[in-house]
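K.L.:
Just one file: upload_36.cif, with mmCIF, C-alpha atoms.
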data_upload
#
loop_
_atom_site.label_atom_id
_atom_site.label_comp_id
_atom_site.auth_asym_id
_atom_site.auth_seq_id
_atom_site.Cartn_x
_atom_site.Cartn_y
_atom_site.Cartn_z
CA MET A 1 0.00 0.00 0.00
CA PRO A 2 1.56 3.36 -0.99
CA ILE A 3 2.35 5.76 1.82
CA ASP A 4 2.04 9.49 1.61
CA ARG A 5 5.63 10.67 2.14
CA ILE A 6 4.68 14.09 3.44
CA SER A 7 2.26 12.79 6.00
CA HIS A 8 4.68 9.96 6.82
CA LEU A 9 7.62 12.26 7.45
CA ILE A 10 5.80 14.85 9.53
CA ALA A 11 5.79 13.89 13.19
CA PRO A 12 2.31 13.58 14.69
CA VAL A 13 1.24 16.34 17.03
CA PRO A 14 0.77 15.13 20.61
CA ALA A 15 -2.79 15.13 21.94
CA GLU A 16 -1.83 17.49 24.76
CA ASN A 17 -0.57 20.10 22.28
CA GLN A 18 -3.76 19.76 20.24
CA ASN A 19 -5.84 20.36 23.35
CA GLN A 20 -3.72 23.38 24.22
CA ASN A 21 -4.11 24.79 20.71
CA GLN A 22 -7.86 24.26 20.80
CA ARG A 23 -8.24 25.75 24.27
CA PRO A 24 -10.19 29.02 23.98
CA SER A 25 -8.45 32.20 24.97
CA PHE A 26 -9.50 34.42 27.82
CA PHE A 27 -10.99 36.92 25.40
CA HIS A 28 -13.27 34.30 23.80
CA THR A 29 -14.31 32.97 27.21
CA PHE A 30 -15.07 36.45 28.48
CA ALA A 31 -16.99 37.31 25.30
CA ARG A 32 -19.12 34.16 25.64
CA PHE A 33 -19.86 35.06 29.26
CA LEU A 34 -20.95 38.57 28.30
CA CYS A 35 -23.30 37.13 25.68
CA SER A 36 -24.94 34.83 28.24
CA ASN A 37 -28.07 35.80 30.13
CA LEU A 38 -26.23 36.58 33.35
CA GLY A 39 -23.53 38.44 31.46
CA LEU A 40 -26.07 40.68 29.70
CA VAL A 41 -27.74 41.53 33.01
CA ILE A 42 -24.37 42.46 34.50
CA VAL A 43 -23.55 44.54 31.41
CA VAL A 44 -26.83 46.47 31.66
CA ILE A 45 -26.34 47.13 35.39
CA ALA A 46 -22.73 48.22 34.92
CA TYR A 47 -23.67 50.33 31.91
CA SER A 48 -26.41 52.13 33.86
CA ILE A 49 -24.23 52.78 36.92
CA GLY A 50 -21.26 53.87 34.81
CA GLY A 51 -23.47 56.20 32.78
CA ALA A 52 -24.83 57.75 35.97
CA PHE A 53 -21.32 58.61 37.17
CA LEU A 54 -20.39 59.88 33.71
CA PHE A 55 -23.31 62.30 33.52
CA ILE A 56 -22.69 63.45 37.09
CA LEU A 57 -19.13 64.27 36.08
CA LEU A 58 -20.24 66.18 32.98
CA GLU A 59 -23.31 68.00 34.30
CA GLN A 60 -23.05 68.55 38.04
CA TYR A 61 -20.42 71.28 37.81
CA ILE A 62 -22.40 73.12 35.06
CA GLU A 63 -25.52 72.83 37.19
CA LEU A 64 -23.73 74.36 40.19
CA GLN A 65 -22.47 77.27 38.09
CA ASN A 66 -25.93 77.97 36.65
CA CYS A 67 -27.53 77.73 40.08
CA GLN A 68 -25.09 80.22 41.62
CA GLN A 69 -25.48 82.62 38.70
CA ALA A 70 -29.28 82.43 38.87
CA SER A 71 -29.22 82.93 42.66
CA LEU A 72 -27.07 86.04 42.28
CA THR A 73 -29.35 87.39 39.56
CA GLU A 74 -32.37 86.76 41.75
CA ASN A 75 -30.85 88.69 44.66
CA VAL A 76 -30.07 91.64 42.37
CA SER A 77 -33.56 91.53 40.90
CA VAL A 78 -35.19 91.51 44.35
CA SER A 79 -33.07 94.48 45.46
CA ASN A 80 -33.89 96.45 42.33
CA ILE A 81 -37.61 95.91 42.49
CA SER A 82 -37.79 96.74 46.19
CA GLU A 83 -35.84 100.01 45.74
CA THR A 84 -37.81 100.94 42.64
CA MET A 85 -41.17 100.36 44.27
CA PHE A 86 -40.17 102.19 47.46
CA SER A 87 -38.89 105.21 45.56
CA TYR A 88 -41.94 105.34 43.35
CA VAL A 89 -44.41 105.16 46.25
CA THR A 90 -42.64 107.78 48.34
CA ILE A 91 -41.96 110.31 45.54
CA THR A 92 -44.93 110.02 43.19
CA ASN A 93 -48.01 112.22 43.44
CA ASP A 94 -50.23 109.93 41.35
CA ASP A 95 -53.54 108.71 42.60
CA THR A 96 -54.01 105.29 44.12
CA THR A 97 -55.27 103.63 40.92
CA ILE A 98 -52.21 104.62 38.90
CA ILE A 99 -49.91 103.53 41.74
CA TYR A 100 -51.55 100.09 41.84
CA GLU A 101 -51.18 99.70 38.06
CA GLN A 102 -47.51 100.63 38.20
CA ILE A 103 -46.84 98.19 41.04
CA VAL A 104 -48.56 95.45 39.07
CA ASN A 105 -46.25 96.17 36.12
CA TYR A 106 -43.21 95.92 38.39
CA LEU A 107 -44.42 92.60 39.76
CA ASP A 108 -45.17 91.27 36.27
CA ASN A 109 -41.62 92.06 35.18
CA PHE A 110 -40.24 90.38 38.27
CA THR A 111 -42.39 87.28 37.63
CA ASN A 112 -41.12 87.05 34.06
CA ASP A 113 -37.56 87.20 35.38
CA VAL A 114 -38.32 84.32 37.74
CA TYR A 115 -39.63 82.16 34.87
CA ASP A 116 -36.63 83.07 32.72
CA ARG A 117 -34.24 81.95 35.44
CA LYS A 118 -36.15 78.69 35.82
CA ASN A 119 -36.10 77.94 32.08
CA ASN A 120 -32.54 79.07 31.37
CA PHE A 121 -30.75 78.01 34.55
CA ARG A 122 -33.11 75.33 36.01
CA TYR A 123 -33.27 77.48 39.14
CA SER A 124 -36.32 77.50 41.37
CA GLY A 125 -34.93 78.95 44.58
CA GLN A 126 -33.10 75.85 45.86
CA ASP A 127 -29.94 75.91 47.93
CA CYS A 128 -27.09 75.53 45.45
CA ASP A 129 -24.68 74.01 47.97
CA THR A 130 -26.91 71.23 49.29
CA THR A 131 -29.38 70.52 46.47
CA SER A 132 -28.46 68.99 43.13
CA GLY A 133 -30.60 67.45 40.40
CA TRP A 134 -27.65 65.31 39.36
CA SER A 135 -27.40 63.21 42.50
CA PHE A 136 -26.54 59.56 41.97
CA PRO A 137 -30.11 58.16 42.37
CA SER A 138 -31.49 60.83 40.04
CA ALA A 139 -28.72 60.25 37.48
CA LEU A 140 -29.29 56.49 37.67
CA LEU A 141 -32.99 56.97 36.93
CA PHE A 142 -31.99 59.26 34.06
CA THR A 143 -29.73 56.62 32.47
CA ILE A 144 -32.39 53.92 32.87
CA THR A 145 -34.99 56.11 31.20
CA ILE A 146 -32.54 56.57 28.32
CA ILE A 147 -31.84 52.88 27.62
CA THR A 148 -35.50 51.96 28.14
CA SER A 149 -36.59 54.83 25.82
CA ILE A 150 -39.03 56.15 28.47
CA GLY A 151 -37.48 59.60 28.90
CA TYR A 152 -39.17 61.40 31.77
CA GLY A 153 -37.30 64.63 31.14
CA HIS A 154 -37.00 65.50 34.83
CA ILE A 155 -33.33 66.29 34.23
CA THR A 156 -31.55 66.79 30.92
CA PRO A 157 -27.97 67.57 29.93
CA VAL A 158 -27.39 71.25 29.14
CA SER A 159 -23.72 71.22 28.10
CA TRP A 160 -22.76 70.23 24.58
CA GLU A 161 -20.49 67.54 25.98
CA GLY A 162 -23.38 66.01 27.91
CA GLN A 163 -25.71 66.18 24.92
CA ILE A 164 -23.25 64.43 22.58
CA THR A 165 -22.57 61.84 25.28
CA CYS A 166 -26.31 61.28 25.70
CA ILE A 167 -26.70 60.54 21.97
CA CYS A 168 -23.84 58.02 21.97
CA TYR A 169 -25.02 56.51 25.24
CA ALA A 170 -28.50 55.90 23.83
CA LEU A 171 -27.18 54.44 20.56
CA ILE A 172 -25.20 51.80 22.45
CA GLY A 173 -27.45 51.27 25.46
CA ILE A 174 -30.84 50.77 23.82
CA PRO A 175 -29.82 47.70 21.71
CA ILE A 176 -28.02 46.14 24.68
CA PHE A 177 -31.05 46.60 26.90
CA LEU A 178 -33.44 45.24 24.26
CA LEU A 179 -31.27 42.13 23.85
CA CYS A 180 -31.13 41.63 27.61
CA LEU A 181 -34.87 42.24 27.86
CA ALA A 182 -35.58 39.58 25.23
CA ASN A 183 -33.47 36.99 27.07
CA ILE A 184 -35.00 37.80 30.46
CA SER A 185 -38.53 37.69 29.07
CA SER A 186 -37.81 34.28 27.53
CA ILE A 187 -36.58 32.93 30.87
CA LEU A 188 -39.54 34.42 32.70
CA GLY A 189 -41.87 32.90 30.11
CA ASP A 190 -40.40 29.44 30.64
CA MET A 191 -40.67 29.87 34.41
CA PHE A 192 -44.28 30.98 34.16
CA ARG A 193 -45.17 28.08 31.86
CA PHE A 194 -43.58 25.68 34.35
CA ILE A 195 -45.44 27.23 37.28
CA TYR A 196 -48.68 27.24 35.30
CA SER A 197 -48.34 23.60 34.22
CA THR A 198 -47.35 22.49 37.72
CA SER A 199 -50.32 24.27 39.24
CA LEU A 200 -52.57 22.81 36.59
CA HIS A 201 -51.35 19.29 37.32
CA PHE A 202 -51.70 19.81 41.05
CA MET A 203 -55.25 21.14 40.84
CA CYS A 204 -56.48 18.55 38.34
CA CYS A 205 -54.64 15.48 39.64
CA CYS A 206 -57.73 13.96 41.25
CA CYS A 207 -59.78 14.63 38.15
CA ARG A 208 -57.16 12.97 35.96
CA ILE A 209 -57.03 9.85 38.11
CA TYR A 210 -60.83 9.54 37.98
CA MET A 211 -60.87 9.98 34.19
CA ARG A 212 -58.10 7.40 33.76
CA SER A 213 -59.93 4.82 35.86
CA ARG A 214 -63.21 5.40 34.08
CA TYR A 215 -61.62 5.30 30.63
CA ARG A 216 -59.74 2.11 31.49
CA LYS A 217 -62.93 0.34 32.52
CA ARG A 218 -64.67 1.46 29.37
CA ARG A 219 -61.74 0.34 27.19
CA LEU A 220 -61.52 -3.08 28.85
CA ARG A 221 -65.23 -3.56 28.36
CA GLY A 222 -64.91 -2.68 24.69
CA GLU A 223 -61.89 -4.99 24.13
CA ASN A 224 -63.62 -7.97 25.76
CA SER A 225 -66.71 -7.49 23.62
CA PHE A 226 -64.53 -7.19 20.50
CA ASN A 227 -62.54 -10.39 21.23
CA GLN A 228 -65.44 -12.80 21.06
CA GLN A 229 -63.73 -14.62 18.12
CA LYS A 230 -60.56 -15.25 20.22
CA ILE A 231 -58.22 -13.13 18.14
CA GLY A 232 -54.71 -14.01 19.15
CA TYR A 233 -53.26 -10.51 19.29
CA VAL A 234 -54.11 -7.18 20.80
CA GLY A 235 -55.67 -4.35 18.79
CA THR A 236 -57.93 -4.43 15.80
CA GLY A 237 -58.02 -7.34 13.40
CA SER A 238 -55.93 -5.45 10.89
CA VAL A 239 -52.77 -4.89 12.99
CA ASP A 240 -49.69 -6.71 11.73
CA PRO A 241 -49.45 -9.80 13.96
CA HIS A 242 -45.70 -10.06 13.33
CA TRP A 243 -45.02 -6.78 15.11
CA PRO A 244 -43.73 -7.55 18.61
CA GLU A 245 -45.60 -4.61 20.14
CA ALA A 246 -48.89 -6.00 18.77
CA ASN A 247 -48.14 -9.64 19.64
CA ARG A 248 -49.54 -9.61 23.18
CA GLN A 249 -51.87 -12.50 23.96
CA TYR A 250 -55.19 -12.64 25.69
CA ASP A 251 -55.58 -15.10 28.55
CA GLY A 252 -58.98 -16.52 27.65
CA ASP A 253 -61.62 -13.83 27.96
CA LYS A 254 -59.62 -11.84 30.50
CA LEU A 255 -56.70 -9.58 29.68
CA SER A 256 -53.49 -10.30 31.57
CA ASP A 257 -51.96 -7.26 33.29
CA ASP A 258 -48.46 -8.74 32.93
CA GLU A 259 -48.76 -9.07 29.13
CA TYR A 260 -50.67 -5.94 28.30
CA ASP A 261 -50.99 -2.81 30.40
CA ILE A 262 -53.74 -0.59 29.09
CA ASP A 263 -52.58 2.27 31.28
CA ASP A 264 -49.73 2.88 28.81
CA GLU A 265 -52.12 3.87 26.04
CA ILE A 266 -54.29 5.86 28.43
CA ASP A 267 -51.25 7.73 29.78
CA GLN A 268 -50.12 8.50 26.25
CA GLU A 269 -53.48 9.92 25.26
CA MET A 270 -53.78 11.86 28.51
CA ASP A 271 -50.25 13.20 28.11
CA ASP A 272 -51.13 14.47 24.64
CA ILE A 273 -54.15 16.28 26.06
CA TRP A 274 -52.12 17.75 28.93
CA ASN A 275 -49.32 18.80 26.60
CA ARG A 276 -51.81 20.75 24.49
CA MET A 277 -53.23 22.38 27.60
CA GLU A 278 -49.81 23.19 29.10
CA SER A 279 -48.37 24.63 25.91
CA ARG A 280 -51.02 27.35 25.87
CA VAL A 281 -51.18 29.95 28.60
CA PRO A 282 -54.62 31.61 28.63
CA ILE A 283 -54.69 35.25 27.64
CA LEU A 284 -56.82 35.97 30.70
CA ALA A 285 -54.03 34.74 32.99
CA VAL A 286 -51.52 36.97 31.19
CA LEU A 287 -53.79 40.01 31.50
CA ILE A 288 -54.21 39.28 35.22
CA ILE A 289 -50.41 39.36 35.60
CA ILE A 290 -50.15 42.73 33.83
CA ILE A 291 -52.98 44.31 35.82
CA GLY A 292 -51.66 42.85 39.07
CA TYR A 293 -48.16 44.24 38.48
CA ILE A 294 -49.56 47.69 37.66
CA PHE A 295 -51.67 47.77 40.82
CA PHE A 296 -48.74 46.45 42.87
CA GLY A 297 -46.61 49.38 41.70
CA ALA A 298 -49.51 51.78 42.24
CA PHE A 299 -49.79 50.65 45.85
CA ILE A 300 -46.05 51.19 46.41
CA PHE A 301 -45.99 54.69 44.87
CA ASN A 302 -49.16 55.60 46.69
CA ARG A 303 -47.43 54.88 49.99
CA PHE A 304 -44.01 56.34 49.12
CA GLU A 305 -44.90 59.37 46.98
CA GLY A 306 -48.24 60.36 48.48
CA TRP A 307 -50.02 60.15 45.11
CA THR A 308 -53.62 59.03 44.81
CA MET A 309 -54.32 55.52 43.51
CA VAL A 310 -55.54 56.93 40.20
CA GLU A 311 -52.35 58.96 39.78
CA SER A 312 -50.22 55.97 40.77
CA VAL A 313 -51.97 53.64 38.29
CA TYR A 314 -51.61 56.34 35.63
CA PHE A 315 -47.89 56.69 36.34
CA CYS A 316 -47.28 52.91 36.27
CA TYR A 317 -49.12 52.44 32.98
CA ILE A 318 -47.46 55.41 31.28
CA THR A 319 -44.06 54.18 32.48
CA LEU A 320 -44.41 50.49 31.51
CA SER A 321 -45.78 51.45 28.12
CA THR A 322 -42.59 53.56 27.62
CA ILE A 323 -44.64 56.70 26.95
CA GLY A 324 -43.06 58.63 29.82
CA PHE A 325 -44.74 62.03 29.92
CA GLY A 326 -42.67 63.09 32.92
CA ASP A 327 -45.54 64.84 34.71
CA TYR A 328 -45.11 62.38 37.60
CA VAL A 329 -41.56 61.40 38.56
CA PRO A 330 -40.76 59.52 41.79
CA GLY A 331 -38.22 60.93 44.21
CA ILE A 332 -38.37 64.55 43.04
CA THR A 333 -39.77 65.90 46.28
CA SER A 334 -36.84 66.45 48.63
CA SER A 335 -36.87 64.25 51.72
CA SER A 336 -34.64 61.80 53.54
CA THR A 337 -35.99 58.89 51.45
CA SER A 338 -35.74 60.51 48.01
CA GLY A 339 -32.72 58.37 47.04
CA LEU A 340 -34.48 55.17 48.12
CA ARG A 341 -37.53 56.15 46.10
CA PHE A 342 -35.37 56.72 43.02
CA VAL A 343 -33.78 53.26 43.35
CA ALA A 344 -37.18 51.62 43.94
CA ALA A 345 -38.50 53.27 40.80
CA CYS A 346 -35.49 51.98 38.81
CA LEU A 347 -36.06 48.40 39.97
CA TYR A 348 -39.79 48.63 39.28
CA ILE A 349 -39.16 49.89 35.74
CA ILE A 350 -36.60 47.22 34.79
CA ILE A 351 -38.53 44.29 36.27
CA GLY A 352 -41.80 45.63 34.91
CA LEU A 353 -40.53 45.91 31.36
CA ALA A 354 -39.27 42.31 31.54
CA VAL A 355 -42.63 41.10 32.86
CA LEU A 356 -44.46 43.08 30.19
CA ALA A 357 -42.25 41.63 27.45
CA MET A 358 -42.92 38.11 28.79
CA CYS A 359 -46.67 38.74 28.73
CA ILE A 360 -46.50 40.08 25.18
CA ASP A 361 -44.64 36.93 24.07
CA LEU A 362 -47.25 34.69 25.73
CA ILE A 363 -50.10 36.62 24.13
CA LYS A 364 -48.37 36.46 20.77
CA GLU A 365 -47.97 32.67 21.01
CA SER A 366 -51.64 32.25 21.87
CA ILE A 367 -52.76 34.51 19.02
CA VAL A 368 -50.47 32.78 16.50
CA GLU A 369 -51.76 29.37 17.55
CA LYS A 370 -55.37 30.47 17.15
CA LEU A 371 -54.62 31.97 13.74
CA GLU A 372 -52.96 28.71 12.65
CA TRP A 373 -56.02 26.79 13.84
CA VAL A 374 -58.29 29.08 11.80
CA ALA A 375 -55.99 28.72 8.78
CA HIS A 376 -56.13 24.91 9.05
CA LYS A 377 -59.91 25.02 9.30
CA LEU A 378 -60.19 27.28 6.26
CA GLY A 379 -57.73 25.14 4.28
CA VAL A 380 -55.17 27.92 3.90
CA ILE A 381 -52.50 25.74 5.53
CA LYS A 382 -52.45 22.02 4.80
CA GLU A 383 -51.22 19.38 7.19
CA ASP A 384 -47.79 17.94 6.48
CA GLU A 385 -48.33 14.40 5.26
CA ASN A 386 -44.66 13.51 5.60
CA LEU A 387 -44.62 13.68 9.41
CA ILE A 388 -43.55 10.36 10.98
CA ASP A 389 -44.61 9.55 14.51
CA ASP A 390 -42.62 7.41 16.96
CA GLU A 391 -44.82 4.33 16.54
CA TYR A 392 -44.44 4.39 12.77
CA THR A 393 -40.67 4.77 13.17
CA ARG A 394 -40.46 1.66 15.34
CA TYR A 395 -42.66 -0.30 12.92
CA ALA A 396 -40.55 0.83 9.92
CA ASN A 397 -37.35 -0.31 11.64
CA PHE A 398 -39.02 -3.66 12.36
CA GLN A 399 -39.99 -4.09 8.71
CA TYR A 400 -36.46 -3.18 7.59
CA ALA A 401 -35.03 -5.79 9.95
CA ARG A 402 -37.35 -8.49 8.55
CA ARG A 403 -36.43 -7.71 4.96
CA HIS A 404 -32.66 -7.46 5.40
CA ASP A 405 -32.20 -10.23 7.94
CA LYS A 406 -29.51 -12.50 6.47
CA ASN A 407 -27.40 -15.06 8.30
CA GLY A 408 -28.73 -13.85 11.64
CA SER A 409 -27.47 -10.28 11.31
CA TYR A 410 -28.51 -7.01 9.64
CA ASP A 411 -27.31 -3.44 9.52
CA LYS A 412 -29.07 -0.46 11.01
CA PRO A 413 -31.59 1.14 8.63
CA PRO A 414 -30.43 4.22 6.73
CA ALA A 415 -32.13 7.57 6.90
CA TYR A 416 -35.78 7.59 5.86
CA ASP A 417 -35.10 9.98 2.98
CA ASP A 418 -32.07 8.04 1.71
CA THR A 419 -32.25 7.70 -2.11
CA SER A 420 -29.14 5.61 -2.75
CA VAL A 421 -31.30 2.74 -4.05
CA GLY A 422 -33.38 4.97 -6.31
CA ARG A 423 -36.14 5.91 -3.87
CA PRO A 424 -36.47 6.24 -0.10
CA TRP A 425 -36.73 2.76 1.41
CA SER A 426 -39.39 3.98 3.86
CA LYS A 427 -41.81 4.41 0.95
CA ASP A 428 -42.03 0.60 0.65
CA VAL A 429 -43.04 0.10 4.29
CA LYS A 430 -46.64 -1.03 4.55
CA ASP A 431 -48.99 0.52 6.99
CA ARG A 432 -49.14 -1.44 10.22
CA TYR A 433 -52.92 -1.17 9.98
CA ASP A 434 -53.60 -3.28 6.91
CA SER A 435 -55.66 -6.23 5.82
CA PRO A 436 -54.56 -9.43 7.61
CA ARG A 437 -54.18 -11.33 4.29
CA ASN A 438 -51.45 -8.90 3.23
CA PHE A 439 -49.21 -10.05 6.10
CA GLN A 440 -47.03 -13.12 5.59
CA GLY A 441 -46.39 -15.95 8.01
CA LYS A 442 -44.57 -15.47 11.29
CA GLN A 443 -41.16 -16.60 10.17
CA ASP A 444 -38.01 -15.56 11.87
CA ILE A 445 -39.93 -13.43 14.35
CA ASN A 446 -38.28 -14.98 17.35
CA THR A 447 -34.85 -14.43 15.83
CA ILE A 448 -35.58 -10.75 15.20
CA ASN A 449 -37.14 -10.28 18.61
CA ASN A 450 -34.03 -11.73 20.24
CA LYS A 451 -31.92 -9.15 18.39
CA HIS A 452 -34.08 -6.29 19.66
#
Rewrite the coordinates I just gave you, this time as structure tokens.

P.N.:
Amino acid sequence: MPIDRISHLIAPVPAENQNQNQRPSFFHTFARFLCSNLGLVIVVIAYSIGGAFLFILLEQYIELQNCQQASLTENVSVSNISETMFSYVTITNDDTTIIYEQIVNYLDNFTNDVYDRKNNFRYSGQDCDTTSGWSFPSALLFTITIITSIGYGHITPVSWEGQITCICYALIGIPIFLLCLANISSILGDMFRFIYSTSLHFMCCCCRIYMRSRYRKRRLRGENSFNQQKIGYVGTGSVDPHWPEANRQYDGDKLSDDEYDIDDEIDQEMDDIWNRMESRVPILAVLIIIIGYIFFGAFIFNRFEGWTMVESVYFCYITLSTIGFGDYVPGITSSSTSGLRFVAACLYIIIGLAVLAMCIDLIKESIVEKLEWVAHKLGVIKEDENLIDDEYTRYANFQYARRHDKNGSYDKPPAYDDTSVGRPWSKDVKDRYDSPRNFQGKQDINTINNKH
């Protein structure tokens, strides 16, 4: 036999070196971790916290400067209007009506100055040294409203550096959060389906046992009445008697539990029914989850913020629907618990969006399934006739073994769509439910059964 000189001369690489070469690097391992569900959650949390510190660094100093400038302007404006009004009242000889009109004009000008300072400098009379809109809880809520596309607008960047950073931060953060939200909603959906199916099994266990017992008695009664002619195998008279799974004997008029357990078929049918029930989560249950979460948040904000229940429900719905008007923002009123209220609002928003995404996925699955059912009924979508169930697969393998059994051995059957012999061999397999005269004698059945 000729030998390839090149491959013969090159020394084989040891297995240890191959394993070392195939070992993934730290970068690939770290990248795979970041793409996992836990990694995405950590990325979103780190991205939000890092963005909060970044915006504090960019905007807090500008805010302090604007606040001090507006406070100084306010003091000058108050001094001017007080001196002007005092001088006018003490010097003028006008009547009382004209004096009142002039004072009103002075006050109108002062009011306009107050609104200008509030719009231009975000100043509303607060203490510049102790009060800041860019505290960490407030900045964290700001970054979360950016990546969730809610956008309350309670604080906004005013410097050009902060505005450019906000654009870049949103371009990167929104896709990351949406990807994380999709993964979390998928996990929550699986957990809810499991809880729903477990609860359904627990509540209906007694009913299932009763139905199984009743169905078993009915089936046994029907089989005994059908076997009056002493048919020597289980099932209808058209099942292939050579098939080992159908070759289970009656013991006179009574069915032997050792040879044939009817509970297997009952369990299979019941499992099919339960699988169809468990795969569908009712839309009503999903709506109850959404409404319950909204009212749960409304109760919390009603206690923490002092809002009415209607205002709290309104805020929760506007927030979870990512509308975010910004007319109600938690934690704005200054108190000792304002930071805690900001953090609670952040957690409520993130968890709520994940729950809402899970509910939308469950509703979508239910709607798609109902539309497919309607399409099947209308004939728009036809059933796939090439689907092969497990029982047919076992029967096809049995038929292949009978045909190719030579000298007490045979190879495993090829794939069902194998066309090496001109056509798929599975096309020649007869239906296991056929006329009894189409089946041949029981030769070599014991030999084949021993091989199985």

K.L.:
Which is closer to Ser124 of chain A than all the others in A:Ser82, A:Gln68, A:Val313, A:Pro137, using all atoms listed in the file?

P.N.:
A:Gln68

K.L.:
Tell me which of A:Phe202, A:Phe121, A:Tyr317, A:Phe27 sits closest to Pro157 of chain A, counting all atoms listed in the file.

P.N.:
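Counting all atoms listed in the file, the residue closest to Pro157 of chain A is A:Phe121.
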
K.L.:
Evaluate the PyMOL selection byres ((chain A and resi 363) around 12) here and jot the selected residues down as a JSON list (two decimals) with C-alpha atoms, keeping the file's coordinate frame.

P.N.:
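Saved result, out.json, follows:
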[["chain", "number", "residue", "atom", "x", "y", "z"],
["A", 189, "GLY", "CA", -41.87, 32.90, 30.11],
["A", 280, "ARG", "CA", -51.02, 27.35, 25.87],
["A", 281, "VAL", "CA", -51.18, 29.95, 28.60],
["A", 282, "PRO", "CA", -54.62, 31.61, 28.63],
["A", 283, "ILE", "CA", -54.69, 35.25, 27.64],
["A", 284, "LEU", "CA", -56.82, 35.97, 30.70],
["A", 285, "ALA", "CA", -54.03, 34.74, 32.99],
["A", 286, "VAL", "CA", -51.52, 36.97, 31.19],
["A", 287, "LEU", "CA", -53.79, 40.01, 31.50],
["A", 289, "ILE", "CA", -50.41, 39.36, 35.60],
["A", 290, "ILE", "CA", -50.15, 42.73, 33.83],
["A", 356, "LEU", "CA", -44.46, 43.08, 30.19],
["A", 357, "ALA", "CA", -42.25, 41.63, 27.45],
["A", 358, "MET", "CA", -42.92, 38.11, 28.79],
["A", 359, "CYS", "CA", -46.67, 38.74, 28.73],
["A", 360, "ILE", "CA", -46.50, 40.08, 25.18],
["A", 361, "ASP", "CA", -44.64, 36.93, 24.07],
["A", 362, "LEU", "CA", -47.25, 34.69, 25.73],
["A", 364, "LYS", "CA", -48.37, 36.46, 20.77],
["A", 365, "GLU", "CA", -47.97, 32.67, 21.01],
["A", 366, "SER", "CA", -51.64, 32.25, 21.87],
["A", 367, "ILE", "CA", -52.76, 34.51, 19.02],
["A", 368, "VAL", "CA", -50.47, 32.78, 16.50],
["A", 369, "GLU", "CA", -51.76, 29.37, 17.55],
["A", 370, "LYS", "CA", -55.37, 30.47, 17.15]]

K.L.:
Spell out the residues picked by the PyMOL selection byres ((chain A and resi 331) around 6) here, as a short mmCIF file (atom, residue, chain, number, x, y, z; two decimals) with C-alpha atoms, keeping the file's coordinate frame.

P.N.:
data_model
loop_
_atom_site.label_atom_id
_atom_site.label_comp_id
_atom_site.auth_asym_id
_atom_site.auth_seq_id
_atom_site.Cartn_x
_atom_site.Cartn_y
_atom_site.Cartn_z
CA PRO A 330 -40.76 59.52 41.79
CA ILE A 332 -38.37 64.55 43.04
CA THR A 333 -39.77 65.90 46.28
CA SER A 338 -35.74 60.51 48.01
CA ARG A 341 -37.53 56.15 46.10
CA PHE A 342 -35.37 56.72 43.02
#

K.L.:
Give me the residues within 9 Å of Thr148 of chain A as a ChimeraX atom specification, counting all atoms listed in the file and dropping any in the same chain fewer than 3 places off.

P.N.:
/A:143-145,151,173-174,177-178,322,349-350,353

K.L.:
Atom CA of Gln102 of chain A to atom CA of Leu72 of chain A: how many Å, to one decimal?

P.N.:
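That distance, rounded to one decimal, is 25.4 Å.
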
K.L.:
Let me make sure I understand: among A:Val380, A:Ile294, A:Ile187, A:Ile318, which one has the smallest atom-to-atom distance to Ala354 of chain A if we use all atoms listed in the file?

P.N.:
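Of A:Val380, A:Ile294, A:Ile187, A:Ile318, the one nearest Ala354 of chain A is A:Ile187, counting all atoms listed in the file.
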
K.L.:
With distances taken over all atoms listed in the file, which of A:Asn37, A:Ser132, A:Thr97, A:Ser77 is nearest to Leu64 of chain A?

P.N.:
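Closest candidate: A:Ser132.
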
K.L.:
Considering all atoms listed in the file, can you say which of A:Ser321, A:Ser336, A:Thr308, A:Ser149 comes closest to Leu171 of chain A?

P.N.:
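For Leu171 of chain A, the nearest of the candidates is A:Ser149.
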
K.L.:
Rounded to one decimal place, report the atom CA of Cys35 of chain A-atom CA of Asn183 of chain A distance in Å.

P.N.:
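Spanning atom CA of Cys35 of chain A to atom CA of Asn183 of chain A is a straight-line distance of 10.3 Å.
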
K.L.:
Would you please work out which residue, of A:Asp94, A:Glu161, A:Glu311, A:Glu59, is nearest to Gly133 of chain A when using only C-alpha atoms?

P.N.:
A:Glu59

K.L.:
If we count all atoms listed in the file and set the cut-off at 9 Å, which residues sit around Ile146 of chain A, ignoring sequence neighbours fewer than 4 positions away in its own chain? Please answer as a ChimeraX atom specification.

P.N.:
/A:141-142,150-152,166,169-170,173-174

K.L.:
Tell me, in Å to one decimal, how far atom CA of Ser135 of chain A is from atom CA of Ile176 of chain A.

P.N.:
24.7 Å

K.L.:
Quick one: which residues end up in the PyMOL selection byres ((chain A and resi 40) around 10) for this structure, as a list in words?

P.N.:
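When the PyMOL selection byres ((chain A and resi 40) around 10) is applied, the selected residues are Phe33, Leu34, Cys35, Ser36, Asn37, Leu38, Gly39, Val41, Ile42, Val43, Val44, Ile45, Ala46, Ile176, Phe177, Leu179, Cys180, Leu181, Asn183 and Ile184 of chain A.
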